[in-house]
Protein chains: 4
Amino acid sequence: MNFASDNAYGVLPQVWAALHAADQGTALAYGNDAATKDLATRFADLFEHEVAAFPVFTGTAANALALACLTPPFGAVLCHKDSHIMTSECGAPEFFSGAKLIGLDGADGKLTPQGIADALDGLDGSVHSVQPRAISVSQATELGTVYTASELAAISALAKDRGLKLHMDGARFANAMACLGATPADATWKSGVDVLSFGATKAGALAAEAVVFFDPALASEFEYRRKRGGHLASKMRFVSVQLEAMLQDDLWLSSGARANELASRLAADLKQIPQIEIAYPVKTNMVFARMPVEKAARMRAGGAEFHDWFPPQKDGTVITRLALAFATPDEHVARLVELAKEK
Amino acid sequence: MNFASDNAYGVLPQVWAALHAADQGTALAYGNDAATKDLATRFADLFEHEVAAFPVFTGTAANALALACLTPPFGAVLCHKDSHIMTSECGAPEFFSGAKLIGLDGADGKLTPQGIADALDGLDGSVHSVQPRAISVSQATELGTVYTASELAAISALAKDRGLKLHMDGARFANAMACLGATPADATWKSGVDVLSFGATKAGALAAEAVVFFDPALASEFEYRRKRGGHLASKMRFVSVQLEAMLQDDLWLSSGARANELASRLAADLKQIPQIEIAYPVKTNMVFARMPVEKAARMRAGGAEFHDWFPPQKDGTVITRLALAFATPDEHVARLVELAKEK
Amino acid sequence: MNFASDNAYGVLPQVWAALHAADQGTALAYGNDAATKDLATRFADLFEHEVAAFPVFTGTAANALALACLTPPFGAVLCHKDSHIMTSECGAPEFFSGAKLIGLDGADGKLTPQGIADALDGLDGSVHSVQPRAISVSQATELGTVYTASELAAISALAKDRGLKLHMDGARFANAMACLGATPADATWKSGVDVLSFGATKAGALAAEAVVFFDPALASEFEYRRKRGGHLASKMRFVSVQLEAMLQDDLWLSSGARANELASRLAADLKQIPQIEIAYPVKTNMVFARMPVEKAARMRAGGAEFHDWFPPQKDGTVITRLALAFATPDEHVARLVELAKEK
Amino acid sequence: MNFASDNAYGVLPQVWAALHAADQGTALAYGNDAATKDLATRFADLFEHEVAAFPVFTGTAANALALACLTPPFGAVLCHKDSHIMTSECGAPEFFSGAKLIGLDGADGKLTPQGIADALDGLDGSVHSVQPRAISVSQATELGTVYTASELAAISALAKDRGLKLHMDGARFANAMACLGATPADATWKSGVDVLSFGATKAGALAAEAVVFFDPALASEFEYRRKRGGHLASKMRFVSVQLEAMLQDDLWLSSGARANELASRLAADLKQIPQIEIAYPVKTNMVFARMPVEKAARMRAGGAEFHDWFPPQKDGTVITRLALAFATPDEHVARLVELAKEK
């Protein structure tokens, strides 16, 4: 029973079908195929806006390449101190952009306008300091929380006011959108987002993410930077059709929604258990449950795989992360709750 | 009829089978799955030597990451002036390693010991100059030629003598090996190769290459650099099992051999045609045919896709590249010859 | 009356004398002159230990090049969040090393062992995270405070325990040593410091700093990195003899001591003034004085130049920085106190 | 008797005077002093054109920072294969810009329009290739030769036609101008030069070069990149006044002219000696003399220091470089000729 990662499950049938359909005859290499060329149109339809959209294999590549288009090497990107780009990409955003990431505090894994404003005011505007050029928000966050429309609008307004670009790390964009219920347009460019890392892998693709620029002019360097980063696939069509399949009939969204529902159900059940406390609002597909270290150990002994998300506390409890995926079986969730109830 | 690239064709059935087989239940993400952990053993069996082996999606990533493990930022890598790393990776090796690529002349796309020695002697050994640290050979080369065992031995001896590491870009290693008929061990570490970019995509994988270190100590930084480059796949098993399938029953080798045979046959037939001249020895899966510009145009009009490899010459001829792949249909080759014969 | 920076004053007579003495006949360029070759011996005498020592023009170059010798590009350097390398070098340490700087809290501008340990424990040790490789302390700090021998020993012990190298930014090493009264050996390698940026410019050189490695093996890449960074002076002797002059008869130390004495005197006098509060312990050559914004304005109107060090507070006060230098005239200090006393 | 380098001599009296004059009272640090602020005006007067001008300590820094303002990391800079930026800066231009340097052949150390055009035509314009963005010429070249006005105009016309910026490495600009006799305006922006590395150190400064942008808009990132590179001097006035002194009464030019005259005289005398041959046209301050290896050895034994510029040839001769400087004594030149005449 895998609750360790939403990457633990495999590939949706519709994605397999698209992959096989793409394996007919020949196609031009390196993205000159029809599916890749069509991708911008597909994303434009989804977002109701002209876009430039580029497939890559990994979320880290998507984020690092997107940010490299937003900042010079002497720039700075403001992000949450616990964000994926700050803690879990081994410095990829810095490597690709040259810029400095400045990690800020904020409850529930979310940046606040005040936190951003304070950080900006604290930066010496002179040549001695890196120059702020972008803000990066994660939607959903590493803690499974979601920026509301108004929270995002406030950050976006600040970004515009200070001349900063706004990047959204959407590795779990599907889960966030299933929570928000907004249109993709409302949740992105209408909320001031300049570039989105659109995640499909966690939602059921094999290996496919897209970098979506709502202002195509910002993408002028993207293709060179992607090639230079070794991220231009020779048989690109097999990446592009995964994205195509995920967009078809909003498969990405229903996939995210199912994972969210499982998380919501799991959280509701766990909440009833005396020794367990839900640490953050459960908005998407992850449940952060504080429980006694021994209980976590027993649940693992019972067959559940999951991570401690922070080091154990002195009171003998630990915050665990229970990740739900598009393909997590219902019975696994039920069984996990049973394990949690055992004394 | 696609003769433009050996990336134009899709995926071998055995690779599809392996991909589907990997889509069972869950697996640990980021390479902690069984297939990935098993990969070093598979390559060790192939090469009859302990290795460290790492899957990546693209050949450019393989080359750039391999070289970054061989040279400091102030180092230099000697390679052929027409090699892929020099001309066709948009600076990726320099980006990942920081080092300078020094491109050397050499007939048929191959480095020579004399050329390397002259270049090394020409480098000021002082702090003002980049410091030579590695040589990179392509096996097969961009011109479809192959280093013989003795040619490679001579380069390797020089490398050892000068304290340089030896990298082999094996994007078309399958084609080279099908030509050489040597054992993989003889063709690599026994010939002094330190690191190999083992290509599988051109031979019929979807997107899978491996970086194979014959001295695992050289790989100490690889995993960090791969992650930092955005090349660590979350659902890594789907890359690893492609490689596994290609290694099974030497599928990679028979795939390369078939493409080579087609090329050999095509070259033999084209050679008979008065206006056509074969520009380089046909050793692997590519035929470089010099022909009148008008003939090339007529062949294209007849349905054949292929590239001019160099700009047209003043005598009205052009050197075209005709690439054969594991899946090129026999009848396409026959039809191409017919087109070539037309006046 | 300049209290804005200890860089505001010029050059000591002894440094001028050394510069002129060096302008005799010819010398080998790029550090092959006698003075530069002799420098390691001079620093070895000072520190009672074998060293490798390299002159550069600026403190930022010294820090960035030193750190680049301690960490790979996927590494991390732990430092105070308000340290010069973190806030005031426009990302130079990251540019030269590729590594990430992780800024930590700590009272009076100083790192604490607990803060460092917590940060290290918070770092995911996996490939997803940058790998901690070095700690950088500033001696004296940006707030003019100084690590005591025991504070440094505790940090050093932790560094050794965790396998981290220890760098000391000694742009104001002279001021720190004048405060500590320890031997240079005790304050550096005997306290576990691996590399020191030895500052001479603020103490009265024209433009000269030295990177001093107490383990010469760590310096193996230094000269290449210095050249590659454009920091290898052609007429290097004119940098080296500045350092020589500063070391002669401990000129560096007496220079630092004088600035400290002025600061001590100034702080004592300002402390008597009702509206003024000394914000941090005055250990070296800088006085951070909290005062009403209007008072600061009046003092400036009276002819004193100095910086607000933080943005003004809501209570109408601001923390100003009053920097004293080796050449600040006594009467300027007296006049500043008078201005501060005016209502 | 030093003929090894034009960096072997020290500092002109006028530069010393300016340095001492600058050591009065205090000045704002980091280039906010009056002399630095005035520098653009001084250079604007010299070049009869609005400029942005920035002092740095070294020629390598000047070149690397200038080029970093002209090209993105995926760009390419075309230069002579024997140019200083290609062979003698340990990769600094690549480090600062990220771009690739493409070294071209050309007689007497000079690029030709045809060579440039061929190289550009040979570059695949696709995303797989680095993108040409700049040409860099050295004036004077490493071989002491000089581009004529019409040669430069032809290269410049090609650059404009192909959308490339034109950089001039003027480490020996004084020597080149003394040879050309043109106005600085004619020799630079009127000839299409976008950015000049204006060298003063070889002409008699202590350590001072300037990056001069003839289109100030190109300089928008310069100050951040300089700081990030560790090249922003704290006591900047001491760099700026060196440049000021060199510009005053065209001291730079007369200094270059004197070195040229010595070289001209030396070449004329050496040419008379049977075993000696002048290898390149002597246009500036360097004489490349081919002579028997034994003769070179004897001249060194007689007290002359100079470098072999290329490895000895099979015929027993070697091309030596004899560098003349602003301060080389006349009698040293005479004595060198005597030594050369000895059998």
# chains A, B, ... in the order shown; residues from 1 in each chain; ligands from 1

$ interface_residues --of "chain A" --to "chain B" --cutoff "6 Å" --atoms "only C-alpha atoms" --output "list of chain:residue names"
A:Asn7, A:Ala8, A:Tyr9, A:Gly10, A:Asp23, A:Thr26, A:Ala27, A:Leu28, A:Ala29, A:Thr60, A:Ala61, A:Cys90, A:Gly91, A:Ala92, A:Arg228, A:Gly229, A:Gly230

$ select_by_dssp --residues "region 70-171 of chain A" --states "strand (DSSP E or B)" --output "count of residues only"
25

$ select_by_dssp --residues "region 84-168 of chain D" --states "alpha helix (DSSP H)" --output "ChimeraX atom specification"
/D:84-87,92-97,113-122,149-162

$ atom_distance --atom1 "CA of Ala259 (chain C)" --atom2 "CA of Glu277 (chain C)"
20.4 Å

$ residues_around --residues "Lys100 (chain A)" --least-positions-apart "6" --cutoff "12 Å" --atoms "only C-alpha atoms" --output "number ranges by chain"
A: 67-68, 71-79, 85-86, 91-94, 129-135; C: 86-87, 89-95, 98-103; D: 228

$ write_last_selection --atoms "N, CA, C and O atoms" --output "short mmCIF file (atom, residue, chain, number, x, y, z; two decimals), in the first residue's frame"
data_model
loop_
_atom_site.label_atom_id
_atom_site.label_comp_id
_atom_site.auth_asym_id
_atom_site.auth_seq_id
_atom_site.Cartn_x
_atom_site.Cartn_y
_atom_site.Cartn_z
N LEU A 67 11.97 29.46 -14.96
CA LEU A 67 12.57 30.56 -14.19
C LEU A 67 13.74 31.19 -14.93
O LEU A 67 13.96 32.40 -14.84
N ALA A 68 14.49 30.37 -15.66
CA ALA A 68 15.62 30.92 -16.42
C ALA A 68 15.16 31.92 -17.47
O ALA A 68 15.95 32.76 -17.91
N THR A 71 14.50 35.63 -15.32
CA THR A 71 15.47 36.38 -14.50
C THR A 71 16.87 36.28 -15.08
O THR A 71 17.26 35.23 -15.57
N PRO A 72 17.63 37.37 -15.00
CA PRO A 72 19.05 37.30 -15.36
C PRO A 72 19.82 36.61 -14.24
O PRO A 72 19.28 36.40 -13.15
N PRO A 73 21.09 36.29 -14.49
CA PRO A 73 21.88 35.58 -13.48
C PRO A 73 22.04 36.35 -12.18
O PRO A 73 22.26 35.75 -11.14
N PHE A 74 21.95 37.65 -12.24
CA PHE A 74 22.11 38.45 -11.02
C PHE A 74 20.76 38.76 -10.39
O PHE A 74 20.65 39.62 -9.53
N GLY A 75 19.74 38.04 -10.81
CA GLY A 75 18.40 38.25 -10.28
C GLY A 75 18.10 37.40 -9.07
O GLY A 75 18.92 36.59 -8.63
N ALA A 76 16.90 37.61 -8.52
CA ALA A 76 16.44 36.80 -7.40
C ALA A 76 15.00 36.38 -7.64
O ALA A 76 14.23 37.12 -8.25
N VAL A 77 14.69 35.19 -7.18
CA VAL A 77 13.33 34.65 -7.24
C VAL A 77 12.85 34.45 -5.82
O VAL A 77 13.50 33.75 -5.04
N LEU A 78 11.73 35.06 -5.50
CA LEU A 78 11.17 34.90 -4.17
C LEU A 78 10.23 33.70 -4.17
O LEU A 78 9.35 33.58 -5.03
N CYS A 79 10.40 32.83 -3.19
CA CYS A 79 9.56 31.63 -3.11
C CYS A 79 9.43 31.23 -1.66
O CYS A 79 10.09 31.80 -0.78
N ILE A 85 11.11 24.05 -5.36
CA ILE A 85 12.27 24.63 -6.04
C ILE A 85 13.36 25.01 -5.05
O ILE A 85 14.53 25.02 -5.37
N MET A 86 12.96 25.32 -3.83
CA MET A 86 13.94 25.73 -2.81
C MET A 86 14.61 24.53 -2.18
O MET A 86 15.81 24.57 -1.90
N GLY A 91 19.23 22.52 -6.43
CA GLY A 91 19.79 23.73 -7.02
C GLY A 91 19.57 23.89 -8.51
O GLY A 91 20.18 24.76 -9.15
N ALA A 92 18.66 23.10 -9.08
CA ALA A 92 18.42 23.21 -10.53
C ALA A 92 17.98 24.61 -10.96
O ALA A 92 18.48 25.14 -11.96
N PRO A 93 17.06 25.25 -10.27
CA PRO A 93 16.66 26.59 -10.71
C PRO A 93 17.84 27.57 -10.73
O PRO A 93 17.96 28.39 -11.64
N GLU A 94 18.71 27.45 -9.74
CA GLU A 94 19.89 28.32 -9.71
C GLU A 94 20.84 27.95 -10.85
O GLU A 94 21.45 28.82 -11.47
N SER A 129 23.39 43.94 -4.22
CA SER A 129 22.38 42.92 -3.93
C SER A 129 21.88 42.28 -5.21
O SER A 129 21.85 42.91 -6.26
N VAL A 130 21.50 41.02 -5.13
CA VAL A 130 20.77 40.43 -6.25
C VAL A 130 19.49 41.23 -6.46
O VAL A 130 18.96 41.83 -5.53
N GLN A 131 19.02 41.22 -7.68
CA GLN A 131 17.88 42.05 -8.06
C GLN A 131 16.62 41.20 -8.20
O GLN A 131 16.57 40.31 -9.05
N PRO A 132 15.60 41.47 -7.42
CA PRO A 132 14.39 40.65 -7.50
C PRO A 132 13.73 40.77 -8.86
O PRO A 132 13.53 41.87 -9.36
N ARG A 133 13.42 39.63 -9.45
CA ARG A 133 12.82 39.64 -10.78
C ARG A 133 11.58 38.76 -10.88
O ARG A 133 10.79 38.92 -11.81
N ALA A 134 11.41 37.81 -9.98
CA ALA A 134 10.26 36.91 -10.10
C ALA A 134 9.83 36.40 -8.74
O ALA A 134 10.60 36.38 -7.78
N ILE A 135 8.57 36.04 -8.71
CA ILE A 135 7.99 35.33 -7.56
C ILE A 135 7.54 33.96 -8.08
O ILE A 135 7.01 33.87 -9.19
N MET C 86 26.07 36.71 1.80
CA MET C 86 24.65 36.41 1.55
C MET C 86 23.94 37.62 0.96
O MET C 86 23.10 37.47 0.09
N THR C 87 24.27 38.81 1.43
CA THR C 87 23.45 39.97 1.09
C THR C 87 24.13 40.99 0.19
O THR C 87 23.45 41.78 -0.46
N GLU C 89 27.07 40.65 -2.08
CA GLU C 89 28.04 40.33 -3.13
C GLU C 89 27.34 39.95 -4.44
O GLU C 89 27.93 39.33 -5.32
N CYS C 90 26.09 40.33 -4.55
CA CYS C 90 25.32 40.15 -5.80
C CYS C 90 25.42 38.72 -6.34
O CYS C 90 25.44 38.50 -7.55
N GLY C 91 25.52 37.78 -5.43
CA GLY C 91 25.54 36.39 -5.88
C GLY C 91 26.89 35.90 -6.34
O GLY C 91 26.99 34.82 -6.93
N ALA C 92 27.97 36.63 -6.04
CA ALA C 92 29.30 36.20 -6.48
C ALA C 92 29.69 34.81 -5.95
O ALA C 92 30.20 33.98 -6.70
N PRO C 93 29.45 34.52 -4.68
CA PRO C 93 29.84 33.18 -4.20
C PRO C 93 29.11 32.07 -4.96
O PRO C 93 29.70 31.04 -5.28
N GLU C 94 27.85 32.29 -5.26
CA GLU C 94 27.11 31.29 -6.03
C GLU C 94 27.64 31.22 -7.46
O GLU C 94 27.72 30.15 -8.05
N PHE C 95 27.98 32.36 -8.03
CA PHE C 95 28.48 32.39 -9.40
C PHE C 95 29.79 31.60 -9.51
O PHE C 95 29.98 30.78 -10.42
N GLY C 98 28.89 27.80 -7.82
CA GLY C 98 27.71 27.08 -8.23
C GLY C 98 26.84 26.65 -7.07
O GLY C 98 25.70 26.24 -7.26
N ALA C 99 27.36 26.75 -5.87
CA ALA C 99 26.65 26.24 -4.69
C ALA C 99 25.56 27.19 -4.21
O ALA C 99 25.46 28.32 -4.66
N LYS C 100 24.77 26.70 -3.28
CA LYS C 100 23.70 27.48 -2.69
C LYS C 100 24.14 27.99 -1.33
O LYS C 100 24.75 27.25 -0.56
N LEU C 101 23.83 29.25 -1.05
CA LEU C 101 24.08 29.78 0.29
C LEU C 101 22.81 29.64 1.10
O LEU C 101 21.73 30.02 0.62
N ILE C 102 22.94 29.12 2.29
CA ILE C 102 21.79 28.97 3.17
C ILE C 102 21.99 29.90 4.34
O ILE C 102 22.94 29.74 5.12
N GLY C 103 21.13 30.90 4.43
CA GLY C 103 21.27 31.94 5.44
C GLY C 103 20.56 31.58 6.73
O GLY C 103 19.37 31.26 6.70
N ARG D 228 28.93 40.97 -9.36
CA ARG D 228 28.79 39.51 -9.24
C ARG D 228 30.10 38.79 -9.58
O ARG D 228 30.35 37.69 -9.10
#

$ atom_distance --atom1 "CA of Gln313 (chain A)" --atom2 "CA of Gly125 (chain C)"
18.8 Å

$ residues_around --residues "Leu180 (chain D)" --least-positions-apart "3" --cutoff "10 Å" --atoms "only C-alpha atoms" --output "ChimeraX atom specification"
/D:146-149,174-177,183-184,187,283-284

$ write_last_selection --atoms "N, CA and C atoms" --output "PDB file, in the first residue's frame"
ATOM      1  N   VAL D 146      47.725  44.767 -36.905  1.00  0.00           N
ATOM      2  CA  VAL D 146      46.649  45.732 -36.695  1.00  0.00           C
ATOM      3  C   VAL D 146      45.652  45.630 -37.851  1.00  0.00           C
ATOM      4  N   TYR D 147      44.373  45.650 -37.526  1.00  0.00           N
ATOM      5  CA  TYR D 147      43.345  45.735 -38.568  1.00  0.00           C
ATOM      6  C   TYR D 147      43.383  47.136 -39.167  1.00  0.00           C
ATOM      7  N   THR D 148      43.434  47.204 -40.476  1.00  0.00           N
ATOM      8  CA  THR D 148      43.323  48.512 -41.111  1.00  0.00           C
ATOM      9  C   THR D 148      41.873  48.977 -41.038  1.00  0.00           C
ATOM     10  N   ALA D 149      41.677  50.232 -41.317  1.00  0.00           N
ATOM     11  CA  ALA D 149      40.326  50.789 -41.290  1.00  0.00           C
ATOM     12  C   ALA D 149      39.410  50.013 -42.232  1.00  0.00           C
ATOM     13  N   ALA D 174      46.390  51.230 -27.380  1.00  0.00           N
ATOM     14  CA  ALA D 174      47.319  52.357 -27.520  1.00  0.00           C
ATOM     15  C   ALA D 174      48.325  52.087 -28.626  1.00  0.00           C
ATOM     16  N   ASN D 175      48.849  50.870 -28.652  1.00  0.00           N
ATOM     17  CA  ASN D 175      49.814  50.529 -29.692  1.00  0.00           C
ATOM     18  C   ASN D 175      49.149  50.512 -31.068  1.00  0.00           C
ATOM     19  N   ALA D 176      47.947  49.998 -31.106  1.00  0.00           N
ATOM     20  CA  ALA D 176      47.241  49.963 -32.386  1.00  0.00           C
ATOM     21  C   ALA D 176      46.967  51.366 -32.901  1.00  0.00           C
ATOM     22  N   MET D 177      46.527  52.241 -32.011  1.00  0.00           N
ATOM     23  CA  MET D 177      46.194  53.598 -32.442  1.00  0.00           C
ATOM     24  C   MET D 177      47.427  54.380 -32.855  1.00  0.00           C
ATOM     25  N   THR D 183      41.640  58.787 -35.733  1.00  0.00           N
ATOM     26  CA  THR D 183      41.067  59.244 -34.479  1.00  0.00           C
ATOM     27  C   THR D 183      40.465  58.044 -33.764  1.00  0.00           C
ATOM     28  N   PRO D 184      40.411  58.123 -32.426  1.00  0.00           N
ATOM     29  CA  PRO D 184      39.760  57.038 -31.675  1.00  0.00           C
ATOM     30  C   PRO D 184      38.319  56.810 -32.155  1.00  0.00           C
ATOM     31  N   ALA D 187      38.353  54.825 -35.347  1.00  0.00           N
ATOM     32  CA  ALA D 187      38.839  53.458 -35.160  1.00  0.00           C
ATOM     33  C   ALA D 187      37.893  52.581 -34.375  1.00  0.00           C
ATOM     34  N   LYS D 283      53.880  46.061 -36.608  1.00  0.00           N
ATOM     35  CA  LYS D 283      53.006  47.227 -36.658  1.00  0.00           C
ATOM     36  C   LYS D 283      52.934  47.929 -35.304  1.00  0.00           C
ATOM     37  N   THR D 284      53.191  47.192 -34.254  1.00  0.00           N
ATOM     38  CA  THR D 284      53.023  47.804 -32.932  1.00  0.00           C
ATOM     39  C   THR D 284      54.263  47.578 -32.076  1.00  0.00           C
TER      40      THR D 284
END

$ atom_distance --atom1 "CA of Thr145 (chain A)" --atom2 "CA of Met286 (chain A)"
8.7 Å

$ residues_around --residues "Lys314 (chain A)" --least-positions-apart "3" --cutoff "12 Å" --atoms "only C-alpha atoms" --output "PyMOL selection string"
chain A and resi 292-293+311+317-318
